[in-house]
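Undergrad: Below is the file run-v2.cif, with mmCIF, C-alpha atoms and all ligand atoms.
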```
data_query
#
loop_
_atom_site.label_atom_id
_atom_site.label_comp_id
_atom_site.auth_asym_id
_atom_site.auth_seq_id
_atom_site.Cartn_x
_atom_site.Cartn_y
_atom_site.Cartn_z
CA MET A 7 30.76 -9.26 4.71
CA HIS A 8 30.12 -9.47 0.99
CA ASP A 9 33.38 -11.33 0.46
CA THR A 10 32.84 -13.72 3.34
CA ALA A 11 29.34 -14.54 2.10
CA GLN A 12 30.74 -15.45 -1.28
CA THR A 13 33.61 -17.50 0.14
CA MET A 14 31.17 -19.44 2.29
CA LYS A 15 28.60 -19.52 -0.53
CA ILE A 16 25.67 -18.65 1.70
CA THR A 17 22.34 -19.42 0.05
CA GLY A 18 19.02 -17.97 1.12
CA ALA A 19 15.79 -16.17 0.36
CA ARG A 20 14.03 -13.12 1.75
CA PHE A 21 10.38 -12.19 1.94
CA PRO A 22 8.07 -9.60 3.46
CA GLY A 23 7.07 -10.44 7.04
CA ARG A 24 3.48 -11.11 5.96
CA TYR A 25 1.71 -10.89 2.60
CA ILE A 26 -2.09 -10.85 2.41
CA GLN A 27 -4.36 -10.32 -0.58
CA ALA A 28 -8.12 -10.20 -1.15
CA THR A 29 -10.84 -8.16 -2.77
CA GLY A 30 -11.94 -5.46 -0.33
CA LEU A 31 -9.08 -6.18 2.07
CA ILE A 32 -8.54 -2.51 2.91
CA ALA A 33 -11.68 -2.78 5.05
CA ARG A 34 -9.58 -4.89 7.45
CA LEU A 35 -6.69 -2.42 7.65
CA GLY A 36 -7.05 -1.90 11.41
CA VAL A 37 -7.48 -5.56 12.28
CA GLU A 38 -4.48 -6.60 10.19
CA THR A 39 -2.22 -3.76 11.33
CA LYS A 40 -2.87 -3.43 15.07
CA SER A 41 -0.34 -6.08 16.09
CA LEU A 42 2.37 -3.90 14.51
CA GLY A 43 1.20 -0.52 15.84
CA THR A 44 -1.90 1.49 16.63
CA LYS A 45 -0.76 5.03 15.81
CA GLY A 46 -0.27 5.08 12.08
CA PHE A 47 1.52 7.66 9.95
CA ALA A 48 -0.07 7.17 6.53
CA ILE A 49 1.69 8.32 3.35
CA LEU A 50 -0.77 8.49 0.44
CA ASP A 51 -0.02 8.53 -3.27
CA CYS A 52 -0.96 12.01 -4.50
CA ALA A 53 -2.99 10.57 -7.41
CA LEU A 54 -5.33 8.61 -5.11
CA ALA A 55 -5.10 10.48 -1.80
CA GLU A 56 -8.78 11.32 -1.49
CA MET A 57 -10.04 7.78 -2.17
CA LEU A 58 -7.36 6.22 0.05
CA GLU A 59 -8.10 8.50 3.00
CA ILE A 60 -11.78 7.56 2.91
CA GLU A 61 -11.15 3.81 2.51
CA MET A 62 -8.33 3.67 5.05
CA THR A 63 -10.27 5.67 7.65
CA ALA A 64 -13.14 3.19 7.32
CA GLY A 65 -10.74 0.23 7.38
CA ALA A 66 -8.86 1.48 10.44
CA GLY A 67 -12.05 1.36 12.54
CA ASP A 68 -11.37 1.62 16.27
CA ASP A 69 -8.23 -0.51 16.00
CA ILE A 70 -5.74 2.11 14.85
CA ALA A 71 -5.57 5.92 14.69
CA LEU A 72 -4.25 7.38 11.46
CA SER A 73 -2.74 10.71 10.43
CA PHE A 74 -2.71 11.28 6.65
CA HIS A 75 0.06 12.85 4.60
CA THR A 76 -0.02 13.24 0.83
CA HIS A 77 3.14 12.18 -0.99
CA GLY A 78 4.78 14.81 -3.19
CA GLY A 79 5.23 12.46 -6.15
CA GLU A 80 8.96 11.72 -6.04
CA CYS A 81 10.95 9.41 -3.75
CA SER A 82 13.70 11.99 -3.20
CA GLU A 83 15.85 12.80 -0.18
CA GLU A 84 13.87 16.03 0.21
CA GLU A 85 10.55 14.16 0.32
CA VAL A 86 11.93 11.60 2.79
CA GLU A 87 13.30 14.34 5.06
CA LYS A 88 10.07 16.33 4.97
CA LEU A 89 7.92 13.32 5.88
CA THR A 90 10.38 12.02 8.49
CA ALA A 91 10.25 15.44 10.21
CA LEU A 92 6.45 15.31 10.23
CA ALA A 93 6.51 11.77 11.61
CA LYS A 94 8.85 12.88 14.41
CA ASP A 95 6.42 15.66 15.33
CA GLY A 96 3.58 13.21 15.81
CA GLU A 97 3.18 10.29 18.16
CA ILE A 98 3.39 7.33 15.80
CA ASP A 99 4.40 3.68 16.04
CA VAL A 100 3.80 2.39 12.51
CA VAL A 101 4.14 3.84 8.99
CA ILE A 102 1.62 2.89 6.31
CA GLY A 103 2.43 3.62 2.68
CA ALA A 104 -0.35 3.38 0.08
CA GLY A 105 0.00 3.89 -3.66
CA GLY A 106 2.51 3.30 -6.44
CA GLY A 107 6.22 2.53 -6.23
CA LYS A 108 7.51 5.99 -5.37
CA ALA A 109 5.09 6.60 -2.50
CA LEU A 110 5.78 3.08 -1.18
CA ASP A 111 9.56 3.44 -1.39
CA THR A 112 9.35 6.78 0.43
CA ALA A 113 7.25 5.17 3.16
CA LYS A 114 9.82 2.36 3.55
CA VAL A 115 12.60 4.87 4.14
CA VAL A 116 10.53 7.01 6.54
CA ALA A 117 9.66 3.91 8.59
CA HIS A 118 13.32 2.93 8.66
CA ASN A 119 14.30 6.43 9.81
CA MET A 120 11.68 6.25 12.56
CA GLY A 121 12.61 2.71 13.62
CA VAL A 122 8.97 1.55 13.38
CA PRO A 123 7.24 -1.22 11.36
CA ILE A 124 6.06 -0.56 7.80
CA VAL A 125 2.78 -1.58 6.17
CA ILE A 126 2.69 -1.44 2.36
CA ILE A 127 -0.58 -1.10 0.42
CA PRO A 128 0.12 -1.24 -3.34
CA THR A 129 -2.67 0.30 -5.43
CA ILE A 130 -1.19 -0.98 -8.71
CA ALA A 131 0.70 -4.19 -9.57
CA ALA A 132 3.11 -2.47 -11.97
CA SER A 133 6.37 -3.80 -10.54
CA ASP A 134 7.80 -6.16 -7.93
CA ALA A 135 9.00 -3.36 -5.63
CA PRO A 136 6.32 -3.55 -2.86
CA CYS A 137 7.70 -6.68 -1.15
CA SER A 138 11.38 -5.79 -1.37
CA ALA A 139 13.72 -4.17 1.15
CA LEU A 140 15.05 -1.93 -1.59
CA ALA A 141 14.12 1.73 -2.07
CA VAL A 142 15.13 3.66 -5.17
CA VAL A 143 15.90 7.28 -4.31
CA TYR A 144 15.59 9.80 -7.15
CA ARG A 145 17.02 13.26 -7.69
CA THR A 146 14.56 16.13 -8.06
CA ASP A 147 15.12 16.03 -11.85
CA GLY A 148 13.72 12.47 -11.96
CA THR A 149 17.00 10.59 -12.49
CA VAL A 150 18.04 7.83 -10.09
CA ALA A 151 20.30 9.04 -7.25
CA TYR A 152 20.95 5.69 -5.56
CA ASP A 153 19.51 2.36 -4.42
CA LEU A 154 18.95 2.21 -0.68
CA PHE A 155 19.21 -1.27 0.81
CA LEU A 156 17.13 -1.40 3.98
CA PRO A 157 17.79 -3.98 6.70
CA ARG A 158 14.28 -5.47 6.61
CA ASN A 159 11.60 -6.28 4.08
CA PRO A 160 8.19 -4.69 4.76
CA ASP A 161 6.47 -6.09 7.86
CA LEU A 162 3.11 -6.37 6.13
CA VAL A 163 2.10 -6.10 2.48
CA LEU A 164 -1.67 -5.73 2.16
CA VAL A 165 -3.05 -6.00 -1.39
CA ASP A 166 -6.68 -5.10 -2.03
CA THR A 167 -7.31 -6.57 -5.48
CA ALA A 168 -10.51 -4.53 -5.93
CA ILE A 169 -8.31 -1.40 -5.93
CA VAL A 170 -5.67 -2.97 -8.20
CA ALA A 171 -8.38 -4.13 -10.65
CA LYS A 172 -9.72 -0.58 -10.94
CA ALA A 173 -6.31 0.82 -11.96
CA PRO A 174 -5.54 1.08 -15.70
CA ALA A 175 -4.62 -2.31 -17.18
CA ARG A 176 -1.39 -0.84 -18.53
CA TYR A 177 0.03 -0.98 -14.99
CA LEU A 178 -0.82 -4.65 -14.64
CA ALA A 179 0.80 -5.31 -18.03
CA ALA A 180 3.97 -3.51 -16.93
CA GLY A 181 4.02 -5.62 -13.76
CA ILE A 182 3.85 -8.72 -15.97
CA GLY A 183 6.87 -7.37 -17.86
CA ASP A 184 8.82 -6.98 -14.63
CA ALA A 185 7.68 -10.45 -13.51
CA LEU A 186 8.71 -11.89 -16.89
CA ALA A 187 12.31 -10.93 -16.22
CA THR A 188 12.38 -12.65 -12.84
CA PHE A 189 12.71 -16.22 -14.13
CA TYR A 190 15.23 -15.43 -16.88
CA GLU A 191 17.42 -13.35 -14.61
CA ALA A 192 17.29 -15.80 -11.71
CA GLU A 193 18.15 -18.58 -14.16
CA SER A 194 21.12 -16.59 -15.49
CA SER A 195 22.30 -15.90 -11.93
CA ARG A 196 21.92 -19.57 -11.03
CA ILE A 197 23.91 -20.81 -14.02
CA ALA A 198 26.54 -18.10 -13.62
CA GLU A 199 26.67 -18.75 -9.85
CA ALA A 200 26.26 -15.02 -9.35
CA PRO A 201 25.01 -13.71 -6.00
CA ASN A 202 21.83 -11.65 -5.58
CA CYS A 203 21.96 -7.95 -4.69
CA TRP A 204 22.42 -8.87 -1.01
CA GLY A 205 25.61 -10.82 -1.73
CA THR A 206 24.07 -14.24 -1.04
CA TYR A 207 23.18 -16.98 -3.48
CA GLY A 208 19.58 -17.84 -4.28
CA SER A 209 18.26 -20.92 -2.47
CA PRO A 210 16.53 -23.66 -4.47
CA LEU A 211 13.25 -22.19 -3.21
CA ALA A 212 14.08 -18.83 -4.82
CA PHE A 213 14.45 -20.47 -8.22
CA GLU A 214 11.24 -22.45 -7.78
CA ILE A 215 9.41 -19.20 -7.01
CA ALA A 216 10.86 -17.58 -10.14
CA ARG A 217 9.78 -20.51 -12.30
CA TYR A 218 6.29 -20.56 -10.79
CA CYS A 219 6.05 -16.79 -11.31
CA ARG A 220 6.70 -17.28 -15.03
CA ASP A 221 4.21 -20.15 -15.26
CA VAL A 222 1.45 -18.03 -13.70
CA ILE A 223 1.88 -15.02 -15.96
CA PHE A 224 2.08 -17.23 -19.05
CA ALA A 225 -1.09 -19.08 -18.07
CA ASP A 226 -3.19 -16.19 -16.75
CA GLY A 227 -1.67 -12.93 -17.99
CA ALA A 228 -3.95 -12.27 -20.96
CA GLN A 229 -7.11 -13.19 -19.04
CA ALA A 230 -6.07 -11.03 -16.09
CA LEU A 231 -5.68 -8.00 -18.38
CA ALA A 232 -9.10 -8.58 -19.95
CA ASP A 233 -10.58 -8.79 -16.46
CA CYS A 234 -8.70 -5.65 -15.39
CA ASP A 235 -10.36 -3.81 -18.31
CA ASN A 236 -13.67 -4.64 -16.63
CA ASP A 237 -12.45 -3.74 -13.12
CA ASN A 238 -13.01 -7.38 -12.23
CA ALA A 239 -10.82 -8.93 -9.51
CA SER A 240 -11.25 -12.37 -11.09
CA PRO A 241 -9.34 -15.53 -10.07
CA ALA A 242 -6.92 -14.95 -13.02
CA LEU A 243 -6.30 -11.38 -11.90
CA GLU A 244 -5.76 -12.53 -8.31
CA ARG A 245 -3.11 -15.02 -9.47
CA VAL A 246 -1.33 -12.50 -11.69
CA VAL A 247 -1.32 -9.83 -8.98
CA GLU A 248 0.32 -12.33 -6.63
CA ALA A 249 2.85 -13.21 -9.36
CA ASN A 250 3.66 -9.56 -10.12
CA ILE A 251 4.03 -8.48 -6.51
CA LEU A 252 4.94 -11.43 -4.27
CA LEU A 253 6.47 -14.09 -6.53
CA SER A 254 8.40 -11.65 -8.68
CA GLY A 255 9.52 -9.72 -5.60
CA ALA A 256 10.84 -12.74 -3.72
CA GLY A 257 12.17 -14.22 -6.97
CA PHE A 258 14.27 -11.24 -7.99
CA GLU A 259 15.44 -10.32 -4.53
CA SER A 260 16.55 -13.84 -3.66
CA GLY A 261 17.31 -15.30 -7.09
CA GLY A 262 19.25 -12.37 -8.49
CA VAL A 263 18.99 -9.87 -11.33
CA ALA A 264 20.95 -9.83 -14.58
CA GLY A 265 20.80 -8.82 -18.25
CA ALA A 266 17.16 -7.77 -18.69
CA HIS A 267 17.43 -5.11 -15.99
CA ALA A 268 20.91 -4.17 -17.24
CA ILE A 269 19.38 -3.37 -20.63
CA HIS A 270 16.53 -1.53 -18.86
CA HIS A 271 19.14 0.66 -17.16
CA GLY A 272 20.74 1.22 -20.57
CA LEU A 273 17.44 2.23 -22.19
CA CYS A 274 16.83 4.73 -19.37
CA GLU A 275 19.84 6.70 -20.65
CA LEU A 276 17.57 7.93 -23.48
CA ASP A 277 14.95 10.64 -22.98
CA ASP A 278 12.81 8.77 -25.55
CA VAL A 279 11.76 6.12 -23.01
CA HIS A 280 10.77 8.36 -20.10
CA HIS A 281 7.04 8.06 -20.70
CA HIS A 282 7.25 4.29 -20.56
CA LEU A 283 6.89 2.17 -17.45
CA HIS A 284 9.69 0.17 -15.81
CA GLY A 285 8.21 -3.21 -16.75
CA GLU A 286 7.69 -2.20 -20.38
CA LYS A 287 11.41 -1.48 -20.72
CA VAL A 288 12.33 -4.62 -18.79
CA ALA A 289 10.30 -6.71 -21.29
CA ILE A 290 12.48 -5.32 -24.10
CA GLY A 291 15.48 -6.30 -21.98
CA VAL A 292 14.21 -9.90 -21.72
CA LEU A 293 13.70 -10.13 -25.49
CA ALA A 294 17.15 -8.66 -26.21
CA MET A 295 18.82 -11.11 -23.81
CA LEU A 296 17.12 -14.09 -25.45
CA LEU A 297 18.52 -12.89 -28.80
CA ILE A 298 21.97 -12.44 -27.25
CA HIS A 299 21.84 -15.99 -25.89
CA GLY A 300 20.76 -17.28 -29.31
CA GLN A 301 17.55 -18.77 -27.86
CA GLN A 302 15.49 -18.16 -30.99
CA GLU A 303 12.61 -20.48 -30.11
CA GLU A 304 12.25 -19.08 -26.60
CA TYR A 305 12.55 -15.56 -28.03
CA GLU A 306 9.60 -16.21 -30.35
CA ARG A 307 7.57 -17.73 -27.51
CA VAL A 308 8.22 -14.75 -25.25
CA ARG A 309 7.63 -12.25 -28.07
CA ASP A 310 4.20 -13.78 -28.76
CA PHE A 311 3.48 -13.78 -25.04
CA CYS A 312 4.41 -10.08 -24.81
CA THR A 313 2.00 -9.32 -27.65
CA SER A 314 -0.75 -11.23 -25.83
CA VAL A 315 -0.24 -9.19 -22.64
CA ARG A 316 0.15 -5.81 -24.37
CA LEU A 317 3.86 -5.48 -23.75
CA PRO A 318 6.15 -3.89 -26.34
CA THR A 319 8.10 -6.21 -28.63
CA ASP A 320 10.20 -3.60 -30.42
CA LEU A 321 11.94 -0.36 -29.57
CA SER A 322 9.17 1.87 -30.95
CA GLY A 323 6.99 0.33 -28.23
CA VAL A 324 9.15 2.08 -25.61
CA GLY A 325 9.37 5.37 -27.52
CA ILE A 326 12.57 4.84 -29.53
CA THR A 327 11.57 5.56 -33.12
CA ASP A 328 14.86 6.78 -34.57
CA LEU A 329 17.64 4.49 -33.42
CA THR A 330 20.95 6.24 -34.13
CA GLU A 331 24.38 4.67 -33.62
CA ASP A 332 25.01 7.24 -30.89
CA LYS A 333 21.88 6.15 -28.98
CA LEU A 334 22.77 2.49 -29.42
CA ALA A 335 26.26 3.08 -28.06
CA ARG A 336 24.94 4.91 -24.99
CA VAL A 337 22.42 2.18 -24.18
CA ALA A 338 24.92 -0.63 -24.77
CA GLU A 339 27.70 0.97 -22.72
CA ARG A 340 25.41 1.57 -19.75
CA ALA A 341 23.95 -1.94 -19.99
CA CYS A 342 27.45 -3.42 -19.78
CA LYS A 343 28.77 -1.05 -17.10
CA PRO A 344 31.76 -2.73 -15.43
CA GLY A 345 30.87 -4.43 -12.15
CA ASP A 346 27.13 -3.99 -12.75
CA ILE A 347 24.39 -6.62 -13.12
CA MET A 348 25.11 -7.63 -16.75
CA HIS A 349 28.02 -9.54 -15.24
CA ASN A 350 25.54 -11.93 -13.60
CA GLU A 351 24.94 -13.45 -17.04
CA PRO A 352 26.65 -16.82 -17.61
CA VAL A 353 28.42 -15.54 -20.74
CA LYS A 354 30.40 -12.35 -21.18
CA VAL A 355 28.07 -9.82 -22.80
CA THR A 356 29.77 -6.94 -24.63
CA PRO A 357 28.28 -3.60 -25.74
CA ASP A 358 28.54 -4.83 -29.35
CA MET A 359 26.35 -7.83 -28.53
CA VAL A 360 23.75 -5.58 -26.86
CA ALA A 361 23.78 -3.17 -29.83
CA GLU A 362 23.32 -6.02 -32.29
CA ALA A 363 20.36 -7.42 -30.37
CA LEU A 364 18.71 -4.00 -30.12
CA ARG A 365 19.11 -3.43 -33.86
CA LYS A 366 17.05 -6.59 -34.38
CA LEU A 367 14.37 -5.09 -32.13
CA ALA A 368 14.30 -1.72 -33.96
ZN ZN A 401 12.25 -4.53 -12.05
#
```
Output the file's structure as structure tokens, nothing else.
Ligand SMILES: [Zn+2]
TA:
Amino acid sequence: MHDTAQTMKITGARFPGRYIQATGLIARLGVETKSLGTKGFAILDCALAEMLEIEMTAGAGDDIALSFHTHGGECSEEEVEKLTALAKDGEIDVVIGAGGGKALDTAKVVAHNMGVPIVIIPTIAASDAPCSALAVVYRTDGTVAYDLFLPRNPDLVLVDTAIVAKAPARYLAAGIGDALATFYEAESSRIAEAPNCWGTYGSPLAFEIARYCRDVIFADGAQALADCDNDNASPALERVVEANILLSGAGFESGGVAGAHAIHHGLCELDDVHHHLHGEKVAIGVLAMLLIHGQQEEYERVRDFCTSVRLPTDLSGVGITDLTEDKLARVAERACKPGDIMHNEPVKVTPDMVAEALRKLA
């Protein structure tokens, strides 16, 4: 199918079934969900389980019945199996995941296993994962086991910006880092005529979304972070949350991924970066790719933007303080893994080129 899609050059875009966002929206959980199911199996992020159970119980009202299950913290096969078994024991017709990326990804897989719709309630805007049909499954030691490509995007993504505004601003900044990559990677994929991770080519709409995503974070990113510091779901924060979650999600999934995430994957080879968030490492990947492409002016613009939205601009910002040749080689080799996403760049990028760019960011 992959080959046929490329021969025919099928273009397209994919989105969640419905995306809704407002301050206090969790109060309408039942009203918004009941058309999908009325017996909900709720998977709650362990860090926020108590608050979520109270808010979701109130929001469910008389429209839906909920059973609550606290997520173990990792999106692993063990966690998925445990929760799927519990879901099979109950009488349920919809799965609702609430929390950060790992709880949400677990909920996506459980819903898929059960053959029921999935409602996603992100409590942070730290990455563009909530809208996608992709789940990243981890091993129990925290390393990535595999990417699971699900047949459908979430049926409903419900974002309560009052909850997102109360989360630490660092998460919002990381989401801006992930959203920053969306335009540059979609643009690389477009120029290289590389397909997205579903084997189809981004439609013109996908590239417009990616461009608009970048415009929003550049215009409103700094203000949104200042408002997040004050737990204020301001208009700027509303726009940036939409950019981080919806625009970045549709932009990357339809437009394609490339060098910035390739370098992220390379950086993750080092234990040094494990306390840093996905989007923080992706921002370093964007900066390194601009250096590799020789786009000095754009590099300086993006570097200054990163500073303004509290994203790292050098390797010490993601925990790498002593950059040895051995570390550089490991990162560069992984970033340029044969057949992987670095090959979606319009020029051939070698490990030497990655190493040279990272030296400049040391
Ligand atoms: Zn990402």
Undergrad: Counting all atoms listed in the file, note down every residue that has an atom within 7 Å of the point (-5.9, 4.1, 19.2) (file coordinates), as a PyMOL selection string.
TA: chain A and resi 44-45+68-71
Undergrad: Give the residues close to ligand ZN 401 (chain A), within 8 Å, counting all atoms listed in the file; write them as a PyMOL selection string.
TA: chain A and resi 133-135+184-185+187+267+284-285+288
Undergrad: Mind checking which residues fall within 9 Å of Leu283 (chain A), counting all atoms listed in the file, ignoring those fewer than 5 positions away in the same chain, and posting them as a list in words?
TA: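 Listing them by chain and then by number gives Ala132, Arg176, Tyr177, Ala180, Val288 and Val324 of chain A.
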Undergrad: Name the closest residue to Gln27 (chain A) among the candidates A:Ile102, A:Val246, A:Leu276, A:Leu54; distances are taken between atoms, counting all atoms listed in the file.
TA: A:Val246
Undergrad: So what do you get for CA of Val86 (chain A) versus CA of Ala117 (chain A), distance-wise?
TA: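 CA of Ala117 (chain A) lies 9.9 Å from CA of Val86 (chain A).
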Undergrad: Enumerate, as a ChimeraX atom specification, the protein, DNA and RNA residues whose atoms approach (-11.9, -10.5, -0.5) to within 9 Å, taking into account all atoms listed in the file and the coordinate frame of the file.
TA: /A:27-31,166-168
Undergrad: Please identify all polymer residues within 7 Å of Cys137 (chain A), counting all atoms listed in the file, omitting same-chain residues fewer than 3 positions from it, and present them as a PyMOL selection string.
TA: chain A and resi 21-22+134+159-160+163+251-252+255
